[in-house]
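Reading through the structure tokens given below for one structure.
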There are 2 protein chains.
Amino acid sequence: MKNRIERLRSSFTDEFDCYLVRSPVNMLYFTGVSGGTMLIVPFDGEATLYVYGVNYEQVKADAKHCTVKRAKHWNDFTTKLQEQLSEQNLKHVAFDSMDFEENRKLRTVFTSSINLEPKSEYVWSLRRIKDDGELKRMRTAAELTVKGMEIAQEKMIAGLREFEVAAEIEYGMRIRGSQGVAFETIVASGPHSAFPHGGCGDRKMKAGDVVVVDIGATYQQYRSDMTRTFVVGTPSEKQKKLYAVVKNAQQSAFLGMKDGEKAKAIDTRAREVIKNAGYGKHFVHGLGHGIGLEVHEQPMLNSRSKDTLRTGNVVTDEPGVYLVDFGGFRAEDTVLISQNKAERLTNGLYDL
Amino acid sequence: MKNRIERLRSSFTDEFDCYLVRSPVNMLYFTGVSGGTMLIVPFDGEATLYVYGVNYEQVKADAKHCTVKRAKHWNDFTTKLQEQLSEQNLKHVAFDSMDFEENRKLRTVFTSSINLEPKSEYVWSLRRIKDDGELKRMRTAAELTVKGMEIAQEKMIAGLREFEVAAEIEYGMRIRGSQGVAFETIVASGPHSAFPHGGCGDRKMKAGDVVVVDIGATYQQYRSDMTRTFVVGTPSEKQKKLYAVVKNAQQSAFLGMKDGEKAKAIDTRAREVIKNAGYGKHFVHGLGHGIGLEVHEQPMLNSRSKDTLRTGNVVTDEPGVYLVDFGGFRAEDTVLISQNKAERLTNGLYDL
């Protein structure tokens with residue numbers, strides 16, 4: 001199989017003859033290392049990864065599929081880049097993403113004949129489809145996340161503070177090999193649960209509280225994402241009913257997920273279940289998002305998405321219902337899309 | 001004292017009559033909340049924070065010094081923004097930072113008479129000077145970080161893996177109230193220590209290893225940053241000597257830090273000590289950086305910096321020496337700049 005840089009190059013069109021990778025995550029994806037400044041992929045010849053002195057020895061030791069060159073600082077780098085473009089007669093330059101001001105500075109260095117255009121879709125078309133090595137890591141990240149959720153369930157104890165529960169979850173994942181959290185841990189109890197991004201503060205949990213726990217482990221740079229809703233003590237009938245609506249919506253979406261399905265249609269499957277139960281306007285976000293090296297990636301699953309699910313996509317399935325005066329409920333799994341079905345990489349622990 | 005939005009407005013010049021805050025951290029700085037999409041600060045009248053539905057209830061409940069308006073999605077937001085600019089006859093619009101492609105999309109919506117220019121320095125001139133409320137939080141973050149470093153020192157035990165040490169450090173900070181790590185924890189042992197960003201993997205520490213530990217707690221959104229170098233077991237004479245060079249360089253820089261000093265000159269103070277000891281080319285990065293809501297902020301302390309230190313700056317002081325075949329040594333504190341002196345917010349634990 002071609003390496004990722006070769007696959008990027010294969011996707012080049014007549015529109016451009018050189019691709020600049022500026023996003024740190026994309027540089028990691030193509031070269032296997034963090035700490036580079038920019039990766040230059042010309043149509044012909046070897047790719048070059050420029051790196052500052054602080055990371056030079058480390059990047060030189062570990063980078064794959066490219067030549068590593070040192071740059072002293074930004075101006076030194078841009079001068080060297082312009083020289084390279086000029087030598088190789090590269091004029092139609094595409095890039096993944098760039099800050100507006102940085103882009104402007106680059107243009108002042110480039111000769112006027114060089115055309116510089118954003119083309120992030122060429123990288124996303126590769127990153128959306130996870131290969132076997134990526135899936136292996138994502139399975140481990142998911143296992144670590146499920147372990148964290150088991151700890152969360154054990155810690156649904158009145159009197160504990162939200163951040164104390166987070167400390168136990170994060171330690172449990174970390175000591176088993178998680179590289180760190182995939183995103184800021186959410187342990188949102190009582191009134192905080194009604195906010196989808198309810199955070200994690202110093203509130204003491206009380207008997208009867210709804211608690212939304214949204215967590216993720218990271219394994220060898222790959223992330224996982226899982227949410228469960230718990231109740232401190234015995235759940236009420238209304239709490240049980242609301243969580244059942246959310247779980248039914250999650251399952252309905254899951255059953256529709258497979259290669260070729262429209263992401264928008266999958267969002268609709270979950271939304272219909274919640275709407276039919278009378279809570280449509282309380283499902284205030286999209287159904288889910290791709291996940292991998294970043295916690296939010298393509299494809300997106302929401303009512304405005306134009307994406308189609310494909311084998312090798314890994315996405316979240318996370319409907320929720322949020323009642324400001326009562327509490328919030330969300331159930332989320334990280335899901336792998338295959339030819340005729342989907343597979344939950346996170347699973348279990350569905351009881352309130 | 002004026003609130004931060006009023007102070008931003010006071011700094012407006014004839015160059016512009018409206019400021020767009022797009023950076024999530026800057027929105028947090030001005031309004032006290034995360035989750036907004038964009039903050040609009042016109043020269044006259046109230047500031048408006050636009051927010052998507054997913055975060056609307058939470059932002060509406062907590063945002064200060066602004067009106068909160070809901071936007072359904074990006075296109076809905078840009079339409080509303082253009083209407084607001086048009087109604088208030090705002091034509092010279094400055095912004096803090098923006099992705100290149102996003103900026104281009106915004107321009108397609110704006111009428112051609114609207115001028116859109118990056119002016120991040122107006123926000124940085126405020127954020128560089130920490131107020132009393134910020135300093136209180138940063139002192140707590142620093143205390144939590146020192147506690148984490150005490151745990152690190154206790155865990156310099158042969159046979160433990162780097163990530164196991166990280167798990168104990170992070171748990172110790174988290175259970176005492178840290179909101180999470182300020183950046184990815186570094187526990188870089190043996191050969192990894194020779195890389196300034198040596199990470200934290202599954203290597204088992206051995207007797208005689210140098211271990212660079214670079215950690216930070218976060219308290220109420222404010223970060224801290226501290227590095228110590230340890231040795232597993234008894235340090236050798238050469239290890240002691242190299243760390244002494246680094247600590248002397250750190251202290252020399254510290255003694256020069258006060259209001260009015262050039263950041264470049266402070267970097268030189270540390271660099272001279274290391275150069276005189278014969279390791280000049282092994283100090284491969286700048287002396288330090290500002291810190292606050294983000295781990296890397298203005299002012300910068302390096303050989304190319306044009307910054308001048310001012311009372312209320314909080315910066316790191318972190319010289320290092322890295323020998324690829326022997327190991328790396330770094331000592332770092334978070335330091336508050338005052339009128340005639342500086343103060344270490346992190347301190348102690350300087351023994352190998």
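Just remember, in the structure tokens the first chain shown is A, the second B, etc., residues are 1-based per chain, and ligands are 1-based in the order shown.
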
Check your understanding: If we count only C-alpha atoms, which residues of chain A reach to within 8 Å of chain B? Please list them as number ranges by chain.
Key -> A: 53-55, 57-58, 97-101, 103, 118, 163-164, 166-168, 170-171, 174-175, 177, 179-180, 184, 195-198, 200-202, 284-285, 324

Same-sequence overlay, chain A on chain B, C-alpha least squares, as a compact mmCIF listing (two decimals) with C-alpha atoms, in the first residue's frame:
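Writing done, so here's selection_31.txt:
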# COMPACT_ATOMS: atom_id res chain seq x y z
CA MET A 1 -12.31 49.89 37.03
CA LYS A 2 -13.70 49.53 33.51
CA ASN A 3 -14.58 46.03 32.41
CA ARG A 4 -12.43 44.37 29.78
CA ILE A 5 -14.78 45.10 26.88
CA GLU A 6 -14.82 48.78 27.82
CA ARG A 7 -11.03 48.75 28.00
CA LEU A 8 -10.82 47.17 24.55
CA ARG A 9 -13.17 49.85 23.25
CA SER A 10 -11.07 52.59 24.87
CA SER A 11 -8.12 51.42 22.84
CA PHE A 12 -9.97 51.80 19.51
CA THR A 13 -8.25 54.19 17.15
CA ASP A 14 -9.55 56.03 14.10
CA GLU A 15 -8.47 52.96 12.16
CA PHE A 16 -11.57 50.95 13.07
CA ASP A 17 -15.08 51.30 14.50
CA CYS A 18 -15.85 47.66 15.37
CA TYR A 19 -13.87 44.74 16.76
CA LEU A 20 -14.69 41.05 16.13
CA VAL A 21 -13.43 38.60 18.74
CA ARG A 22 -13.22 35.15 17.17
CA SER A 23 -10.62 33.35 19.32
CA PRO A 24 -12.44 31.18 21.91
CA VAL A 25 -9.91 32.14 24.59
CA ASN A 26 -10.39 35.84 23.90
CA MET A 27 -14.18 35.44 24.11
CA LEU A 28 -13.68 33.76 27.48
CA TYR A 29 -11.42 36.64 28.57
CA PHE A 30 -14.00 39.31 27.73
CA THR A 31 -17.27 37.59 28.69
CA GLY A 32 -16.28 34.98 31.28
CA VAL A 33 -17.79 32.11 29.26
CA SER A 34 -16.71 29.51 26.74
CA GLY A 35 -18.86 28.33 23.87
CA GLY A 36 -19.57 31.54 21.97
CA THR A 37 -19.20 31.80 18.20
CA MET A 38 -18.15 35.44 17.91
CA LEU A 39 -18.18 38.56 20.07
CA ILE A 40 -18.96 41.85 18.29
CA VAL A 41 -17.73 45.03 19.99
CA PRO A 42 -18.95 48.17 18.19
CA PHE A 43 -17.56 51.58 19.04
CA ASP A 44 -20.99 52.67 20.32
CA GLY A 45 -23.58 50.53 22.06
CA GLU A 46 -23.54 47.16 23.67
CA ALA A 47 -21.33 44.20 22.73
CA THR A 48 -23.11 41.16 21.26
CA LEU A 49 -22.05 37.55 21.76
CA TYR A 50 -23.44 35.21 19.09
CA VAL A 51 -23.82 31.56 20.10
CA TYR A 52 -25.19 28.38 18.54
CA GLY A 53 -28.15 26.53 20.03
CA VAL A 54 -26.01 23.81 21.67
CA ASN A 55 -24.45 26.35 24.05
CA TYR A 56 -27.19 29.01 24.11
CA GLU A 57 -28.76 28.33 27.52
CA GLN A 58 -25.40 28.00 29.26
CA VAL A 59 -23.88 31.12 27.68
CA LYS A 60 -27.05 33.16 28.29
CA ALA A 61 -26.91 32.18 31.97
CA ASP A 62 -23.24 33.04 32.50
CA ALA A 63 -22.02 35.68 30.00
CA LYS A 64 -21.06 39.10 31.36
CA HIS A 65 -20.94 42.59 29.82
CA CYS A 66 -22.71 41.65 26.57
CA THR A 67 -26.03 40.77 24.94
CA VAL A 68 -26.29 37.09 23.96
CA LYS A 69 -27.96 36.24 20.64
CA ARG A 70 -28.63 32.81 19.18
CA ALA A 71 -27.47 31.87 15.67
CA LYS A 72 -28.69 28.66 14.02
CA HIS A 73 -25.51 27.98 12.06
CA TRP A 74 -22.60 29.79 10.40
CA ASN A 75 -24.62 31.23 7.50
CA ASP A 76 -27.33 32.42 9.86
CA PHE A 77 -24.67 34.05 12.02
CA THR A 78 -22.91 35.81 9.14
CA THR A 79 -26.24 37.14 7.84
CA LYS A 80 -27.09 38.55 11.27
CA LEU A 81 -23.61 40.03 11.63
CA GLN A 82 -23.83 41.77 8.25
CA GLU A 83 -27.26 43.16 9.22
CA GLN A 84 -25.84 44.50 12.48
CA LEU A 85 -22.85 46.13 10.76
CA SER A 86 -25.15 47.66 8.19
CA GLU A 87 -27.67 49.00 10.74
CA GLN A 88 -24.95 50.56 12.86
CA ASN A 89 -23.05 51.80 9.79
CA LEU A 90 -19.82 50.06 10.88
CA LYS A 91 -17.27 49.86 8.07
CA HIS A 92 -13.81 49.52 9.53
CA VAL A 93 -13.81 46.15 11.24
CA ALA A 94 -10.81 44.75 13.12
CA PHE A 95 -10.50 41.16 14.38
CA ASP A 96 -8.22 39.18 16.65
CA SER A 97 -7.53 36.04 14.59
CA MET A 98 -9.32 33.99 11.98
CA ASP A 99 -8.78 31.02 9.74
CA PHE A 100 -7.96 32.04 6.17
CA GLU A 101 -10.93 30.27 4.60
CA GLU A 102 -13.35 31.53 7.23
CA ASN A 103 -12.14 35.06 6.62
CA ARG A 104 -12.77 34.60 2.91
CA LYS A 105 -16.31 33.35 3.56
CA LEU A 106 -16.98 36.36 5.78
CA ARG A 107 -15.85 38.72 3.04
CA THR A 108 -18.27 37.17 0.57
CA VAL A 109 -21.13 38.05 2.96
CA PHE A 110 -19.94 41.53 3.86
CA THR A 111 -20.76 44.42 1.58
CA SER A 112 -17.71 45.61 -0.33
CA SER A 113 -17.52 48.84 1.66
CA ILE A 114 -16.59 46.91 4.80
CA ASN A 115 -12.90 46.72 5.55
CA LEU A 116 -11.72 43.69 7.58
CA GLU A 117 -8.26 43.75 9.17
CA PRO A 118 -6.36 41.59 11.69
CA LYS A 119 -5.48 43.56 14.84
CA SER A 120 -4.68 40.98 17.49
CA GLU A 121 -2.36 43.38 19.32
CA TYR A 122 -5.32 45.27 20.82
CA VAL A 123 -6.36 42.18 22.78
CA TRP A 124 -2.82 41.13 23.63
CA SER A 125 -2.03 44.53 25.14
CA LEU A 126 -4.79 43.79 27.67
CA ARG A 127 -4.15 40.07 28.21
CA ARG A 128 -0.41 40.54 28.81
CA ILE A 129 -1.08 42.46 32.03
CA LYS A 130 -2.75 40.19 34.59
CA ASP A 131 -5.19 41.79 37.02
CA ASP A 132 -5.60 40.80 40.69
CA GLY A 133 -8.33 38.25 39.96
CA GLU A 134 -6.19 36.57 37.34
CA LEU A 135 -3.13 36.54 39.59
CA LYS A 136 -5.09 34.91 42.41
CA ARG A 137 -6.05 32.07 40.08
CA MET A 138 -2.54 31.77 38.71
CA ARG A 139 -1.14 31.50 42.25
CA THR A 140 -3.51 28.62 42.95
CA ALA A 141 -2.60 26.94 39.65
CA ALA A 142 1.08 27.32 40.61
CA GLU A 143 0.51 25.79 44.07
CA LEU A 144 -1.23 22.80 42.50
CA THR A 145 1.66 22.44 40.05
CA VAL A 146 4.25 22.43 42.84
CA LYS A 147 2.22 19.70 44.55
CA GLY A 148 2.34 17.70 41.30
CA MET A 149 6.11 18.15 41.17
CA GLU A 150 6.49 16.88 44.75
CA ILE A 151 4.66 13.73 43.66
CA ALA A 152 6.93 13.43 40.61
CA GLN A 153 9.99 13.57 42.86
CA GLU A 154 8.59 10.77 45.05
CA LYS A 155 7.98 8.61 41.98
CA MET A 156 11.50 8.67 40.57
CA ILE A 157 11.68 4.90 41.05
CA ALA A 158 13.42 2.46 38.70
CA GLY A 159 10.89 0.18 37.00
CA LEU A 160 8.03 2.68 36.87
CA ARG A 161 6.93 3.67 33.39
CA GLU A 162 6.82 7.31 32.28
CA PHE A 163 3.03 7.32 31.89
CA GLU A 164 2.59 5.78 35.34
CA VAL A 165 4.47 8.71 36.86
CA ALA A 166 2.30 11.08 34.80
CA ALA A 167 -0.86 9.36 36.09
CA GLU A 168 0.18 9.98 39.72
CA ILE A 169 1.16 13.61 39.07
CA GLU A 170 -2.06 14.40 37.21
CA TYR A 171 -4.24 12.68 39.81
CA GLY A 172 -2.51 14.55 42.63
CA MET A 173 -3.20 17.91 40.96
CA ARG A 174 -6.75 17.02 39.86
CA ILE A 175 -8.00 15.68 43.19
CA ARG A 176 -6.88 18.96 44.81
CA GLY A 177 -8.93 21.02 42.36
CA SER A 178 -6.94 21.35 39.15
CA GLN A 179 -9.30 21.70 36.19
CA GLY A 180 -7.01 19.51 34.10
CA VAL A 181 -3.49 19.71 32.74
CA ALA A 182 -2.31 23.04 31.33
CA PHE A 183 -0.59 21.11 28.50
CA GLU A 184 0.42 17.53 27.76
CA THR A 185 2.51 16.30 30.70
CA ILE A 186 6.17 15.59 29.92
CA VAL A 187 7.93 12.79 31.79
CA ALA A 188 10.93 12.22 29.52
CA SER A 189 13.43 9.69 30.85
CA GLY A 190 16.86 8.57 29.64
CA PRO A 191 17.33 9.28 25.90
CA HIS A 192 13.91 11.00 25.74
CA SER A 193 15.15 13.70 28.12
CA ALA A 194 17.47 15.02 25.39
CA PHE A 195 14.43 16.20 23.40
CA PRO A 196 12.93 19.46 24.74
CA HIS A 197 9.44 18.14 23.93
CA GLY A 198 10.29 14.57 24.92
CA GLY A 199 6.72 13.58 25.66
CA CYS A 200 5.64 10.80 27.95
CA GLY A 201 5.57 7.21 26.75
CA ASP A 202 5.74 3.69 28.14
CA ARG A 203 9.51 3.57 28.73
CA LYS A 204 10.50 2.03 32.07
CA MET A 205 12.78 4.28 34.06
CA LYS A 206 16.18 2.86 35.04
CA ALA A 207 18.69 3.68 37.77
CA GLY A 208 20.92 6.53 36.62
CA ASP A 209 18.35 7.95 34.18
CA VAL A 210 17.92 11.67 33.84
CA VAL A 211 14.18 12.49 33.87
CA VAL A 212 12.80 15.84 32.71
CA VAL A 213 9.36 16.50 34.24
CA ASP A 214 7.46 19.44 32.69
CA ILE A 215 3.94 19.90 34.08
CA GLY A 216 1.17 22.39 34.67
CA ALA A 217 -2.12 22.56 36.53
CA THR A 218 -5.09 24.71 35.46
CA TYR A 219 -7.24 26.56 37.99
CA GLN A 220 -10.39 28.41 36.92
CA GLN A 221 -9.04 28.51 33.35
CA TYR A 222 -5.58 29.87 34.33
CA ARG A 223 -2.47 27.82 33.70
CA SER A 224 0.90 27.26 35.28
CA ASP A 225 4.12 25.75 33.92
CA MET A 226 7.04 24.19 35.83
CA THR A 227 9.95 21.92 34.92
CA ARG A 228 12.40 20.07 37.09
CA THR A 229 15.07 17.54 36.18
CA PHE A 230 15.54 14.50 38.40
CA VAL A 231 17.83 11.49 38.41
CA VAL A 232 16.64 7.98 39.27
CA GLY A 233 18.94 6.96 42.13
CA THR A 234 22.23 8.77 42.74
CA PRO A 235 23.20 11.52 40.27
CA SER A 236 26.65 11.43 38.68
CA GLU A 237 29.08 14.34 38.87
CA LYS A 238 28.44 15.22 35.23
CA GLN A 239 24.67 15.17 35.77
CA LYS A 240 25.06 17.44 38.80
CA LYS A 241 27.33 19.80 36.88
CA LEU A 242 24.99 20.10 33.89
CA TYR A 243 21.94 20.77 36.06
CA ALA A 244 23.92 23.36 38.03
CA VAL A 245 24.68 25.20 34.77
CA VAL A 246 20.97 25.25 33.89
CA LYS A 247 19.93 26.37 37.39
CA ASN A 248 22.55 29.13 37.39
CA ALA A 249 21.27 30.31 34.01
CA GLN A 250 17.71 30.26 35.29
CA GLN A 251 18.65 32.28 38.38
CA SER A 252 20.68 34.79 36.38
CA ALA A 253 17.67 35.44 34.13
CA PHE A 254 15.37 35.65 37.14
CA LEU A 255 17.54 38.29 38.82
CA GLY A 256 17.30 40.47 35.70
CA MET A 257 13.52 40.31 35.41
CA LYS A 258 11.62 43.49 36.28
CA ASP A 259 9.41 46.14 34.74
CA GLY A 260 11.11 47.90 31.84
CA GLU A 261 13.69 45.24 30.97
CA LYS A 262 13.94 43.97 27.40
CA ALA A 263 12.86 40.33 27.06
CA LYS A 264 15.74 39.75 24.66
CA ALA A 265 18.25 40.97 27.26
CA ILE A 266 16.83 38.54 29.84
CA ASP A 267 17.20 35.68 27.36
CA THR A 268 20.81 36.76 26.85
CA ARG A 269 21.53 36.64 30.61
CA ALA A 270 20.62 32.93 30.70
CA ARG A 271 22.30 32.19 27.37
CA GLU A 272 25.60 33.72 28.51
CA VAL A 273 25.80 31.46 31.57
CA ILE A 274 25.26 28.37 29.42
CA LYS A 275 27.64 29.59 26.72
CA ASN A 276 30.39 30.31 29.25
CA ALA A 277 30.03 26.77 30.58
CA GLY A 278 30.62 25.48 27.04
CA TYR A 279 27.10 24.33 26.17
CA GLY A 280 25.80 27.30 24.15
CA LYS A 281 24.77 25.31 21.10
CA HIS A 282 22.85 22.84 23.26
CA PHE A 283 20.39 25.50 24.53
CA VAL A 284 18.14 25.06 21.48
CA HIS A 285 15.10 27.15 22.40
CA GLY A 286 14.08 30.54 23.77
CA LEU A 287 14.19 31.31 27.48
CA GLY A 288 10.44 31.51 28.01
CA HIS A 289 6.97 32.74 27.16
CA GLY A 290 4.01 34.49 28.71
CA ILE A 291 1.34 32.30 30.30
CA GLY A 292 -2.23 32.82 31.49
CA LEU A 293 -5.44 31.54 29.89
CA GLU A 294 -3.12 29.84 27.37
CA VAL A 295 0.13 28.09 28.03
CA HIS A 296 1.97 30.12 25.36
CA GLU A 297 1.10 33.81 25.30
CA GLN A 298 2.80 37.15 24.85
CA PRO A 299 5.34 38.39 25.84
CA MET A 300 7.98 36.07 24.37
CA LEU A 301 11.48 35.81 25.87
CA ASN A 302 13.97 34.84 23.18
CA SER A 303 16.83 36.23 21.13
CA ARG A 304 14.48 37.73 18.51
CA SER A 305 11.87 39.18 20.87
CA LYS A 306 11.03 42.88 20.71
CA ASP A 307 8.94 42.73 23.91
CA THR A 308 9.62 44.70 27.07
CA LEU A 309 8.69 43.19 30.44
CA ARG A 310 5.97 45.04 32.34
CA THR A 311 4.46 44.80 35.82
CA GLY A 312 1.70 42.20 35.67
CA ASN A 313 3.35 40.02 33.02
CA VAL A 314 3.53 36.36 34.00
CA VAL A 315 6.23 34.50 32.09
CA THR A 316 8.28 31.32 32.24
CA ASP A 317 12.02 31.18 32.89
CA GLU A 318 13.18 27.85 31.44
CA PRO A 319 16.69 27.44 30.09
CA GLY A 320 17.82 23.95 29.12
CA VAL A 321 20.84 21.99 27.91
CA TYR A 322 20.26 18.93 25.71
CA LEU A 323 22.99 16.40 24.90
CA VAL A 324 21.63 13.80 22.49
CA ASP A 325 23.98 11.06 23.68
CA PHE A 326 23.81 11.90 27.37
CA GLY A 327 20.51 13.46 28.41
CA GLY A 328 18.68 16.75 28.79
CA PHE A 329 18.39 19.19 31.71
CA ARG A 330 15.83 21.97 32.17
CA ALA A 331 14.65 24.06 35.12
CA GLU A 332 11.53 26.18 34.74
CA ASP A 333 9.40 28.41 36.91
CA THR A 334 6.35 30.56 36.30
CA VAL A 335 7.37 34.11 37.26
CA LEU A 336 5.41 37.31 37.98
CA ILE A 337 7.03 40.59 36.91
CA SER A 338 6.78 43.57 39.28
CA GLN A 339 8.13 47.10 39.48
CA ASN A 340 11.61 46.40 40.81
CA LYS A 341 11.76 42.62 40.97
CA ALA A 342 10.22 39.34 39.96
CA GLU A 343 8.51 36.64 42.00
CA ARG A 344 8.53 32.89 41.36
CA LEU A 345 4.95 31.56 41.54
CA THR A 346 6.37 28.03 41.31
CA ASN A 347 9.38 27.38 43.51
CA GLY A 348 11.47 24.77 45.32
CA LEU A 349 12.43 21.18 44.47
CA TYR A 350 15.67 22.22 42.79
CA ASP A 351 17.69 19.17 43.84
CA LEU A 352 18.41 16.54 41.21

Check your understanding: What are the DSSP strand (DSSP E or B) residues of stretch 149-270 of chain A, as a PyMOL selection string?
Key -> chain A and resi 161+181+186-189+204+210-215+217-219+222-223+226-231+262

Check your understanding: Could you write out, as a count of residues only, all the residues of stretch 91-209 of chain B that DSSP marks as helix (DSSP H, G or I)?
Key -> 58
